[in-house]
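Trainee: Attaching a single structure in structure tokens format; questions to follow.
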Amino acid sequence: MLLSKISVREEPIYHLSGIVFAKELLLRQPEEVREDLLYLITLLNHADKNPEETFFINLEPQTLIRHPTIIKGLLKSKPNVVVEITERYEDTLAELLSLEIDFPVCLDDVNFYTPAELISSVKPHFVKIDLLEVASLDDLQAVVDYIRKHTTAMIIAERVPPEKFEWLKKADINLVQSHHFRGYSL
């Protein structure tokens with residue numbers, strides 16, 4: 001059966017103190033399983049097993065646009081779930097901006113190309129910056145300043161190689177999602 005080939009993996013999001021702040025839930029699935037409501041329900045069921053923990057769940061903007069009422073209903077009693085809107089919003093920006101989002105949101109891979117109106121309209125609780133895409137500390141600080149100009153959301157640095165860990169403190173970023181961070185302390 002196809003469902004038996006689906007498994008959930010937890011990717012920790014750490015505070016710089018080394019404490020696990022939250023976990024991103026990721027599905028390992030066969031290619032035949034596309035992201036849809038089954039995908040979301042599978043991840044929400046996993047989150048229900050540990051209601052005291054915070055979980056981030058990726059959601060394509062197109063899925064949110066196609067099923068806003070169902071998704072809002074599923075998330076209504078899930079204060080421990082943050083919906084991470086992936087960066088694939090270019091073709092759906094107007095529709096995404098028209099939605100009333102009343103649950104915790106994280107915008108993924110925010111940078112200078114992320115429209116300011118998306119950041120201010122969605123009112124994210126969190127934003128993620130991919131540090132593999134950032135060439136220097138000055139570039140990181142510029143992206144952080146851009147984000148903070150448009151939102152008070154907490155910033156999470158992801159895919160952080162060890163040589164860039166010191167940048168986090170200098171840029172006043174306190175949350176990191178990187179397999180390199182396990183066991184590391186700043």
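Residues in the structure tokens are numbered from 1 in each chain, the chains being A, B, ... in the order shown, and ligands are numbered from 1 in the order shown.
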Could you make a table, as JSON lines, of the residues of stretch 14-99 of chain A that have an atom within 6 Å of an atom of stretch 105-109 of chain A, each with its nearest atom pair and distance in Å to one decimal, counting only C-alpha atoms, in chain and number order?

Mentor:
```
{"residue": "A:Val82", "atom": "CA", "partner": "A:Val105", "partner_atom": "CA", "distance": 5.3}
{"residue": "A:Val83", "atom": "CA", "partner": "A:Val105", "partner_atom": "CA", "distance": 4.8}
{"residue": "A:Glu84", "atom": "CA", "partner": "A:Cys106", "partner_atom": "CA", "distance": 4.4}
{"residue": "A:Ile85", "atom": "CA", "partner": "A:Leu107", "partner_atom": "CA", "distance": 5.1}
{"residue": "A:Thr86", "atom": "CA", "partner": "A:Asp108", "partner_atom": "CA", "distance": 5.1}
{"residue": "A:Glu87", "atom": "CA", "partner": "A:Asp108", "partner_atom": "CA", "distance": 5.6}
```

Trainee: Those same residues - all heavy atoms - I'd like them written as a compact mmCIF listing (two decimals), in the first residue's frame.

Mentor:
```txt
# COMPACT_ATOMS: atom_id res chain seq x y z
N VAL A 82 2.98 25.58 13.04
CA VAL A 82 3.29 26.76 12.23
C VAL A 82 3.32 26.30 10.78
O VAL A 82 4.02 25.34 10.44
CB VAL A 82 4.66 27.36 12.61
CG1 VAL A 82 5.01 28.54 11.71
CG2 VAL A 82 4.69 27.77 14.08
N VAL A 83 2.55 26.96 9.92
CA VAL A 83 2.54 26.62 8.50
C VAL A 83 3.66 27.39 7.82
O VAL A 83 3.70 28.62 7.86
CB VAL A 83 1.18 26.96 7.85
CG1 VAL A 83 1.25 26.79 6.34
CG2 VAL A 83 0.09 26.08 8.44
N GLU A 84 4.58 26.63 7.23
CA GLU A 84 5.71 27.23 6.52
C GLU A 84 5.33 27.32 5.05
O GLU A 84 5.22 26.31 4.36
CB GLU A 84 6.95 26.37 6.73
CG GLU A 84 8.19 26.97 6.17
CD GLU A 84 9.43 26.20 6.56
OE1 GLU A 84 9.48 25.63 7.68
OE2 GLU A 84 10.36 26.16 5.74
N ILE A 85 5.10 28.55 4.59
CA ILE A 85 4.73 28.77 3.19
C ILE A 85 6.02 28.76 2.38
O ILE A 85 6.90 29.59 2.59
CB ILE A 85 3.96 30.08 3.01
CG1 ILE A 85 2.67 30.05 3.83
CG2 ILE A 85 3.66 30.32 1.53
CD1 ILE A 85 1.88 31.34 3.82
N THR A 86 6.10 27.81 1.46
CA THR A 86 7.32 27.67 0.67
C THR A 86 7.46 28.83 -0.31
O THR A 86 6.50 29.57 -0.56
CB THR A 86 7.33 26.33 -0.09
OG1 THR A 86 6.24 26.31 -0.99
CG2 THR A 86 7.24 25.16 0.87
N GLU A 87 8.66 28.96 -0.84
CA GLU A 87 8.98 30.11 -1.68
C GLU A 87 8.38 30.05 -3.08
O GLU A 87 8.60 30.94 -3.87
CB GLU A 87 10.50 30.26 -1.77
CG GLU A 87 11.23 29.12 -2.43
CD GLU A 87 11.48 27.91 -1.53
OE1 GLU A 87 11.01 27.86 -0.38
OE2 GLU A 87 12.13 26.99 -2.01
```

Trainee: Find the residues near A:Val176: any atom within 12 Å, counting only C-alpha atoms, skip ones fewer than 3 places away on the same chain, and give them as a PyMOL selection string.

Mentor: chain A and resi 11-24+126-131+154-162+164-169+172-173+179-182+184-186

Trainee: I need the chosen residues saved as a tab-separated table (two decimals), in the first residue's frame, with C-alpha atoms.

Mentor:
```tsv
chain	number	residue	atom	x	y	z
A	11	GLU	CA	14.35	18.33	11.69
A	12	PRO	CA	15.15	20.35	14.87
A	13	ILE	CA	15.20	24.14	14.97
A	14	TYR	CA	17.59	25.19	17.71
A	15	HIS	CA	17.95	28.28	19.83
A	16	LEU	CA	21.60	29.38	19.87
A	17	SER	CA	21.74	28.19	23.47
A	18	GLY	CA	21.47	24.64	22.09
A	19	ILE	CA	17.88	24.02	23.22
A	20	VAL	CA	15.44	22.63	20.64
A	21	PHE	CA	12.97	25.45	19.94
A	22	ALA	CA	10.75	23.59	17.46
A	23	LYS	CA	10.86	20.86	14.81
A	24	GLU	CA	10.11	20.96	11.13
A	126	PHE	CA	8.73	33.54	11.53
A	127	VAL	CA	10.86	33.95	8.40
A	128	LYS	CA	13.67	31.70	7.23
A	129	ILE	CA	16.89	32.75	5.53
A	130	ASP	CA	18.93	30.13	3.66
A	131	LEU	CA	22.54	30.86	4.60
A	154	MET	CA	11.49	35.88	14.44
A	155	ILE	CA	14.25	34.99	11.98
A	156	ILE	CA	15.47	31.41	11.53
A	157	ALA	CA	18.73	30.77	9.71
A	158	GLU	CA	18.66	27.46	7.85
A	159	ARG	CA	21.29	25.36	6.07
A	160	VAL	CA	24.03	27.06	8.06
A	161	PRO	CA	27.53	25.69	7.46
A	162	PRO	CA	29.77	25.70	10.56
A	164	LYS	CA	28.90	30.85	9.29
A	165	PHE	CA	27.71	30.12	12.86
A	166	GLU	CA	29.43	33.24	14.24
A	167	TRP	CA	27.46	35.34	11.74
A	168	LEU	CA	24.24	34.47	13.59
A	169	LYS	CA	25.22	36.28	16.77
A	172	ASP	CA	21.20	39.01	16.03
A	173	ILE	CA	19.63	35.77	14.77
A	179	HIS	CA	22.24	19.47	10.89
A	180	HIS	CA	25.71	20.97	11.51
A	181	PHE	CA	24.42	22.68	14.68
A	182	ARG	CA	23.75	19.49	16.66
A	184	TYR	CA	27.50	22.94	18.72
A	185	SER	CA	27.31	25.81	21.19
A	186	LEU	CA	27.84	29.53	20.68
```

Trainee: Which residues are close to A:Thr152, i.e. within 10 Å by only C-alpha atoms, leaving aside same-chain residues fewer than 4 positions away? Reply as a list in words.

Mentor: Ser120, Lys123, Pro124, His125, Phe126, Val127, Ile147 and Arg148 of chain A

Trainee: Give me the residues near stretch 138-145 of chain A as an MDAnalysis selection string, where near means some atom within 7 Å (using only C-alpha atoms) and where sequence neighbours in that chain fewer than 5 positions away do not count.

Mentor: chainID A and resid 111:112 171

Trainee: From a DSSP pass on the backbone, collect the residues of stretch 86-159 of chain A flagged as strand (DSSP E) and hand them back as a VMD selection string.

Mentor: chain A and resid 105 to 107 126 to 130 154 to 158

Trainee: With N, CA, C and O atoms retained, could you export that selection as a PDB file, in the first residue's frame?

Mentor:
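Output contents, as saved in part.pdb:
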```pdb
ATOM      1  N   VAL A 105       2.328  31.494  10.819  1.00  0.00           N
ATOM      2  CA  VAL A 105       2.939  31.295   9.504  1.00  0.00           C
ATOM      3  C   VAL A 105       4.434  31.594   9.563  1.00  0.00           C
ATOM      4  O   VAL A 105       4.877  32.490  10.278  1.00  0.00           O
ATOM      5  N   CYS A 106       5.167  30.850   8.756  1.00  0.00           N
ATOM      6  CA  CYS A 106       6.587  31.102   8.516  1.00  0.00           C
ATOM      7  C   CYS A 106       6.757  31.247   7.004  1.00  0.00           C
ATOM      8  O   CYS A 106       6.244  30.417   6.249  1.00  0.00           O
ATOM      9  N   LEU A 107       7.458  32.278   6.574  1.00  0.00           N
ATOM     10  CA  LEU A 107       7.798  32.410   5.155  1.00  0.00           C
ATOM     11  C   LEU A 107       9.181  31.819   4.947  1.00  0.00           C
ATOM     12  O   LEU A 107      10.133  32.176   5.636  1.00  0.00           O
ATOM     13  N   PHE A 126       7.342  33.921  11.747  1.00  0.00           N
ATOM     14  CA  PHE A 126       8.727  33.536  11.527  1.00  0.00           C
ATOM     15  C   PHE A 126       9.059  33.740  10.058  1.00  0.00           C
ATOM     16  O   PHE A 126       8.181  33.661   9.203  1.00  0.00           O
ATOM     17  N   VAL A 127      10.341  33.976   9.770  1.00  0.00           N
ATOM     18  CA  VAL A 127      10.858  33.946   8.403  1.00  0.00           C
ATOM     19  C   VAL A 127      12.162  33.160   8.432  1.00  0.00           C
ATOM     20  O   VAL A 127      12.873  33.159   9.436  1.00  0.00           O
ATOM     21  N   LYS A 128      12.436  32.473   7.341  1.00  0.00           N
ATOM     22  CA  LYS A 128      13.674  31.702   7.231  1.00  0.00           C
ATOM     23  C   LYS A 128      14.567  32.315   6.164  1.00  0.00           C
ATOM     24  O   LYS A 128      14.089  32.740   5.113  1.00  0.00           O
ATOM     25  N   ILE A 129      15.867  32.326   6.476  1.00  0.00           N
ATOM     26  CA  ILE A 129      16.893  32.752   5.531  1.00  0.00           C
ATOM     27  C   ILE A 129      17.798  31.551   5.286  1.00  0.00           C
ATOM     28  O   ILE A 129      18.295  30.942   6.233  1.00  0.00           O
ATOM     29  N   ASP A 130      18.036  31.230   4.030  1.00  0.00           N
ATOM     30  CA  ASP A 130      18.927  30.134   3.659  1.00  0.00           C
ATOM     31  C   ASP A 130      20.349  30.683   3.595  1.00  0.00           C
ATOM     32  O   ASP A 130      20.688  31.432   2.683  1.00  0.00           O
ATOM     33  N   MET A 154      10.215  36.465  14.038  1.00  0.00           N
ATOM     34  CA  MET A 154      11.491  35.879  14.445  1.00  0.00           C
ATOM     35  C   MET A 154      12.179  35.304  13.201  1.00  0.00           C
ATOM     36  O   MET A 154      11.515  34.734  12.330  1.00  0.00           O
ATOM     37  N   ILE A 155      13.485  35.456  13.139  1.00  0.00           N
ATOM     38  CA  ILE A 155      14.252  34.986  11.983  1.00  0.00           C
ATOM     39  C   ILE A 155      14.940  33.668  12.331  1.00  0.00           C
ATOM     40  O   ILE A 155      15.569  33.534  13.374  1.00  0.00           O
ATOM     41  N   ILE A 156      14.813  32.712  11.405  1.00  0.00           N
ATOM     42  CA  ILE A 156      15.467  31.412  11.529  1.00  0.00           C
ATOM     43  C   ILE A 156      16.470  31.293  10.384  1.00  0.00           C
ATOM     44  O   ILE A 156      16.106  31.458   9.217  1.00  0.00           O
ATOM     45  N   ALA A 157      17.717  31.033  10.728  1.00  0.00           N
ATOM     46  CA  ALA A 157      18.727  30.767   9.705  1.00  0.00           C
ATOM     47  C   ALA A 157      18.735  29.271   9.439  1.00  0.00           C
ATOM     48  O   ALA A 157      18.788  28.472  10.371  1.00  0.00           O
ATOM     49  N   GLU A 158      18.645  28.887   8.161  1.00  0.00           N
ATOM     50  CA  GLU A 158      18.663  27.463   7.849  1.00  0.00           C
ATOM     51  C   GLU A 158      19.811  27.147   6.906  1.00  0.00           C
ATOM     52  O   GLU A 158      20.354  28.034   6.249  1.00  0.00           O
TER      53      GLU A 158
END
```

Trainee: Please provide the set of residues having any atom within 9 Å of A:Arg28, restricted to only C-alpha atoms, with same-chain residues fewer than 6 positions apart removed, written as an mmCIF file with C-alpha atoms, in the first residue's frame.

Mentor:
```cif
data_model
loop_
_atom_site.group_PDB
_atom_site.id
_atom_site.type_symbol
_atom_site.label_atom_id
_atom_site.label_comp_id
_atom_site.auth_asym_id
_atom_site.auth_seq_id
_atom_site.Cartn_x
_atom_site.Cartn_y
_atom_site.Cartn_z
ATOM 1 C CA LYS A 5 5.763 3.995 2.218
ATOM 2 C CA ILE A 6 5.237 7.393 3.864
ATOM 3 C CA SER A 7 7.262 8.299 6.950
ATOM 4 C CA VAL A 8 7.698 11.507 8.948
ATOM 5 C CA ARG A 9 11.115 12.924 9.809
#
```

Trainee: Between atom CA of A:Glu10 and atom CA of A:Leu25, what is the distance in Å, rounded to a tenth?

Mentor: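 Going from atom CA of A:Glu10 over to atom CA of A:Leu25, I get 4.8 Å.
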
Trainee: So how far away is atom CA of A:Lys149 from atom CA of A:Leu97, in Å?

Mentor: 18.7 Å

Trainee: Give the helix (DSSP H, G or I) residues of stretch 21-158 of chain A, as DSSP finds them on the backbone, and put them as JSON, numbers by chain.

Mentor: {"A": [37, 38, 39, 40, 41, 42, 43, 44, 45, 46, 47, 48, 61, 62, 63, 64, 65, 66, 68, 69, 70, 71, 72, 73, 74, 75, 90, 91, 92, 93, 94, 95, 96, 97, 98, 116, 117, 118, 119, 120, 121, 122, 131, 132, 133, 137, 138, 139, 140, 141, 142, 143, 144, 145, 146, 147, 148, 149, 150]}

Trainee: Which value, in Å to one decimal, gives the distance between atom CA of A:Thr54 and atom CA of A:Leu75?

Mentor: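 Computing it gives 13.1 Å between the two atoms.
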
Trainee: Which is closest to A:Ile65 among A:Leu93, A:Leu175, A:Leu38, A:Leu137, if we use only C-alpha atoms?

Mentor: A:Leu93

Trainee: Ranking A:Ala135, A:Ala47, A:Val110, A:Leu64 by minimum distance to A:Pro79 and counting only C-alpha atoms, which one comes first?

Mentor: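 Smallest distance to A:Pro79 is found for A:Ala47.
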